[in-house]
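*Asks:* Dumping the structure here so I can ask a few things about it.
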Amino acid sequence: MTTTTVAHPALRGRVRVPHQARRRRRLIVPGEATSAFWVLAAVVTVLNMFGLVMVMSASSVVSVREGGGAWSYFEKQAMWTILGIPALFACLLVSLDFWRKFVRVGLLASIGMLVAVLLPGIGRSANGATRWISVGPIQLQPSEFAKFGLMMFVADLLDRRAPDIDDWRQVLRPVVIVLAVVAGLVMLQPNLGTTIIIAAMVLAMLWAAGTPIAPLGLVTLAGALAAIGSVASTPFRRTRFLRFLNPWGDPSNTGLQNIQSMVGLANGGVLGRGLGRSTAKWGFLPYAHTDFIFAIIGEEFGLVGALTVVLLFGGLGVLGAWIALRARDRFSMLVAVGITTWFTVQAIMNIGAVIGIMPITGVPLPFVSFGGSSLLTTLAATGILLNIALHPAQPGRLARP
């Protein structure tokens with residue numbers, strides 16, 4: 001039988017594969033788009049375009065009241081989309097190995113931005129939080145870029161130290177130290193919601209890398225206890241949690257968002273009132289175009305529209321997991337796990353808060369909520385994920401000796 005010699009990514013040497021397998025390998029090879037690539041691109045495109053429509057609808061009233069015209073927030077979101085598309089294509093077309101060279105620079109830059117936002121005269125405050133840096137007319141949220149920088153750094157470290165994965169001193173300890181630094185700076189803003197997303201992302205990457213369950217479980221338990229302690233010891237977080245348990249305890253103040261979001265969802269019924277016909281956005285529901293845009297979706301498009309969005313994010317999670325399983329190398333796999341966890345956990349936290357099954361944490365709905373930094377980083381991360389999907393491992397069957 002005629003054989004040909006090919007390199008297999010899982011082996012250091014060379015193996016002999018039957019000649020007949022060459023045609024089968026042509027179905028999925030580096031440089032050729034897979035079905036996951038196109039489906040993921042379609043899902044993200046639909047979410048992003050739908051997000052633009054919903055930002056236009058949900059923000060129209062507040063835009064007029066602020067004197068910026070009915071489309072001011074929509075125009076800003078469209079601008080960030082235009083800026084995000086080149087970022088997506090840069091991450092898609094440039095080799096992942098190139099971006100890997102700058103993981104330390106990216107992490108240090110992220111930490112530097114997190115420090116800068118806390119400095120007087122640099123950071124911008126709103127609603128009791130200091131989370132933004134103003135650069136001329138543009139406002140950046142450093143915590144969004146920190147997700148990206150930390151994810152790439154952790155994936156690189158876990159890949160380089162794969163032979164020592166069972167040694168917690170060599171692998172788990174440095175990851176936890178870096179995570180603690182980033183999470184601590186984010187908590188100083190304060191921003192518990194983003195801290196939870198970052199922690200979940202890193203823990204998922206540690207689990208996927210094969211970190212022993214016992215030490216990983218201890219780290220997870222310590223993080224959970226820290227979060228509980230933060231809620232219990234901080235008055236505004238404690239109030240949020242109590243209002244989550246009983247929003248009717250203060251319906252006109254701290255429980256207002258919880259109640260009005262559920263009223264908006266209930267008003268939508270099964271098919272919704274129609275695009276632009278929400279009443280919640282007329283001052284009844286605060287932050288209708290940002291953290292609570294899912295309530296406007298439910299009111300204008302009903303249960304059908306809301307479930308469609310949920311299914312799109314569910315599909316995004318499944319696609320991310322499939323791409324991670326088919327990644328060509330360990331680093332790509334860990335990056336795919338990190339991005340998928342980031343998107344899905346953030347979507348769950350946002351939607352869970354809107355429908356009243358989770359406390360309000362103030363995180364946006366990826367691709368849909370208004371927010372420039374969030375949209376820019378999620379589009380760039382999508383480019384990375386599409387890059388991994390476009391260059392999967394070569395499936396090949398080893399010939400019997």
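Chain identifiers are assigned as A, B, and so on, following the order in which chains appear in the structure tokens; residues are numbered from 1 within each chain, and ligands are numbered from 1 in order of appearance.
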Show which residues sit within 7 Å of Arg240 (chain A), as a PyMOL selection string. Count only C-alpha atoms, and ignore same-chain residues fewer than 4 positions away.

*Replies:* chain A and resi 236+244+359-360

*Asks:* Name the residues of region 42-265 of chain A that fall into helix (DSSP H, G or I) according to DSSP on the backbone, using the chain letters and numbers of this document, as a count of residues only.

*Replies:* 166

*Asks:* For Gly128 (chain A), please output as a list in words all residues within 10 Å (counting only C-alpha atoms; exclusion window: fewer than 3 positions along the same chain).

*Replies:*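 What passes the distance filter is Ser125, Arg131, Gln189, Pro190 and Phe236 of chain A.
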
*Asks:* Please produce a file of the residues just selected, as a PDB file, in the first residue's frame, where the atoms kept are C-alpha atoms.

*Replies:*
```
ATOM      1  CA  SER A 125     -16.290  58.472  37.744  1.00  0.00           C
ATOM      2  CA  ARG A 131     -13.919  52.716  35.619  1.00  0.00           C
ATOM      3  CA  GLN A 189     -12.936  50.665  40.844  1.00  0.00           C
ATOM      4  CA  PRO A 190     -15.186  48.938  42.228  1.00  0.00           C
ATOM      5  CA  PHE A 236     -24.178  48.978  48.277  1.00  0.00           C
TER       6      PHE A 236
END
```

*Asks:* Excluding Ala58 (chain A) and any residue of its chain fewer than 5 positions from it, enumerate the residues within 12 Å of it, using only C-alpha atoms, and give them as JSON, numbers by chain.

*Replies:* {"A": [50, 51, 52, 53, 63, 64, 70, 71, 72, 73, 74, 275, 276, 277, 278, 279, 280, 281, 282, 283, 284, 285, 286, 287, 288, 289, 290, 291, 292, 293, 294, 295, 296, 297, 298, 299, 300, 368, 369, 370]}

*Asks:* Print the selection's residues with C-alpha atoms to a file, as a PDB file, in the first residue's frame.

*Replies:*
```
ATOM      1  CA  PHE A  50     -29.143  43.193  16.242  1.00  0.00           C
ATOM      2  CA  GLY A  51     -27.304  45.015  19.013  1.00  0.00           C
ATOM      3  CA  LEU A  52     -27.014  48.127  16.846  1.00  0.00           C
ATOM      4  CA  VAL A  53     -30.754  48.049  16.185  1.00  0.00           C
ATOM      5  CA  SER A  63     -30.597  60.551  23.787  1.00  0.00           C
ATOM      6  CA  VAL A  64     -33.266  63.181  23.212  1.00  0.00           C
ATOM      7  CA  ALA A  70     -32.396  60.680  18.937  1.00  0.00           C
ATOM      8  CA  TRP A  71     -29.481  58.732  17.440  1.00  0.00           C
ATOM      9  CA  SER A  72     -26.474  59.929  19.467  1.00  0.00           C
ATOM     10  CA  TYR A  73     -25.882  56.631  21.298  1.00  0.00           C
ATOM     11  CA  PHE A  74     -26.521  54.655  18.130  1.00  0.00           C
ATOM     12  CA  LEU A 275     -39.563  47.387  17.449  1.00  0.00           C
ATOM     13  CA  GLY A 276     -39.434  50.843  19.033  1.00  0.00           C
ATOM     14  CA  ARG A 277     -42.638  50.393  21.043  1.00  0.00           C
ATOM     15  CA  SER A 278     -41.141  49.716  24.452  1.00  0.00           C
ATOM     16  CA  THR A 279     -42.530  51.786  27.325  1.00  0.00           C
ATOM     17  CA  ALA A 280     -39.806  50.786  29.812  1.00  0.00           C
ATOM     18  CA  LYS A 281     -37.253  52.976  28.028  1.00  0.00           C
ATOM     19  CA  TRP A 282     -39.374  56.085  28.711  1.00  0.00           C
ATOM     20  CA  GLY A 283     -37.635  56.672  32.030  1.00  0.00           C
ATOM     21  CA  PHE A 284     -39.122  53.692  33.863  1.00  0.00           C
ATOM     22  CA  LEU A 285     -36.090  51.407  33.474  1.00  0.00           C
ATOM     23  CA  PRO A 286     -32.661  52.940  34.199  1.00  0.00           C
ATOM     24  CA  TYR A 287     -29.772  51.934  31.901  1.00  0.00           C
ATOM     25  CA  ALA A 288     -32.149  50.493  29.326  1.00  0.00           C
ATOM     26  CA  HIS A 289     -29.560  50.697  26.535  1.00  0.00           C
ATOM     27  CA  THR A 290     -26.643  49.262  28.552  1.00  0.00           C
ATOM     28  CA  ASP A 291     -26.965  46.674  31.324  1.00  0.00           C
ATOM     29  CA  PHE A 292     -30.730  46.128  30.870  1.00  0.00           C
ATOM     30  CA  ILE A 293     -31.074  46.072  27.110  1.00  0.00           C
ATOM     31  CA  PHE A 294     -32.275  42.464  27.305  1.00  0.00           C
ATOM     32  CA  ALA A 295     -35.454  43.727  29.014  1.00  0.00           C
ATOM     33  CA  ILE A 296     -36.124  45.999  26.032  1.00  0.00           C
ATOM     34  CA  ILE A 297     -35.537  43.038  23.712  1.00  0.00           C
ATOM     35  CA  GLY A 298     -38.110  41.040  25.673  1.00  0.00           C
ATOM     36  CA  GLU A 299     -40.631  43.873  25.588  1.00  0.00           C
ATOM     37  CA  GLU A 300     -40.286  44.675  21.899  1.00  0.00           C
ATOM     38  CA  VAL A 368     -25.602  43.871  22.140  1.00  0.00           C
ATOM     39  CA  SER A 369     -25.357  46.400  24.995  1.00  0.00           C
ATOM     40  CA  PHE A 370     -24.099  49.924  24.406  1.00  0.00           C
TER      41      PHE A 370
END
```

*Asks:* Need to verify the contact set: Thr45 (chain A), 10 Å, only C-alpha atoms, exclusion of same-chain residues closer than 6 positions in sequence. Can you return it as a PDB file with N, CA and C atoms, in the first residue's frame?

*Replies:*
```pdb
ATOM      1  N   VAL A  39     -20.271  29.414  10.810  1.00  0.00           N
ATOM      2  CA  VAL A  39     -21.403  29.513  11.737  1.00  0.00           C
ATOM      3  C   VAL A  39     -21.103  30.538  12.826  1.00  0.00           C
ATOM      4  N   GLY A  51     -27.664  44.103  17.941  1.00  0.00           N
ATOM      5  CA  GLY A  51     -27.304  45.015  19.013  1.00  0.00           C
ATOM      6  C   GLY A  51     -27.384  46.465  18.574  1.00  0.00           C
ATOM      7  N   PHE A 367     -21.760  42.140  22.634  1.00  0.00           N
ATOM      8  CA  PHE A 367     -22.156  42.467  21.263  1.00  0.00           C
ATOM      9  C   PHE A 367     -23.456  43.273  21.170  1.00  0.00           C
ATOM     10  N   LEU A 379     -15.062  42.042  19.838  1.00  0.00           N
ATOM     11  CA  LEU A 379     -14.831  41.814  18.412  1.00  0.00           C
ATOM     12  C   LEU A 379     -13.404  41.344  18.153  1.00  0.00           C
TER      13      LEU A 379
END
```

*Asks:* Taking only C-alpha atoms into account, name the residue in A:Gly269, A:Pro120, A:Gly315, A:Gly84 that is nearest to Ser373 (chain A).

*Replies:*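 Among the listed residues, the smallest separation from Ser373 (chain A) belongs to A:Gly84.
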
*Asks:* Have a look at CA of Arg104 (chain A) and CA of Leu316 (chain A) and let me know their distance in Å, one decimal.

*Replies:*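 Interatomic distance here is 28.3 Å.
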
*Asks:* When you draw a straight line from CA of Gly317 (chain A) to CA of Leu385 (chain A), how long is it in Å?

*Replies:*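 So the two atoms, CA of Gly317 (chain A) and CA of Leu385 (chain A), lie 11.6 Å apart.
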
*Asks:* As number ranges by chain, list the residues of region 45-243 of chain A assigned to strand (DSSP E) by DSSP on the backbone atoms of this structure.

*Replies:* A: 123-126, 129-135, 138-140

*Asks:* Do a neighbour search on Ala36 (chain A) at 9 Å with only C-alpha atoms, toss out local chain neighbours closer than 3 positions, and write the hits as a PyMOL selection string.

*Replies:* chain A and resi 33+39-41+319-320+322-323+386+389-390

*Asks:* Need the shell around Phe102 (chain A): protein/DNA/RNA residues with any atom at most 10 Å away, counting only C-alpha atoms. Skip same-chain ones fewer than 5 positions apart. Format as a tab-separated table (two decimals) with C-alpha atoms, in the first residue's frame?

*Replies:*
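Output saved as selection_9.tsv:
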```tsv
chain	number	residue	atom	x	y	z
A	97	ASP	CA	1.99	33.04	17.19
A	107	LEU	CA	-0.58	42.21	30.45
A	108	LEU	CA	1.65	45.03	31.70
A	149	GLY	CA	-4.40	40.77	28.30
A	152	MET	CA	-3.44	35.66	26.58
A	153	PHE	CA	-0.81	35.72	29.33
```
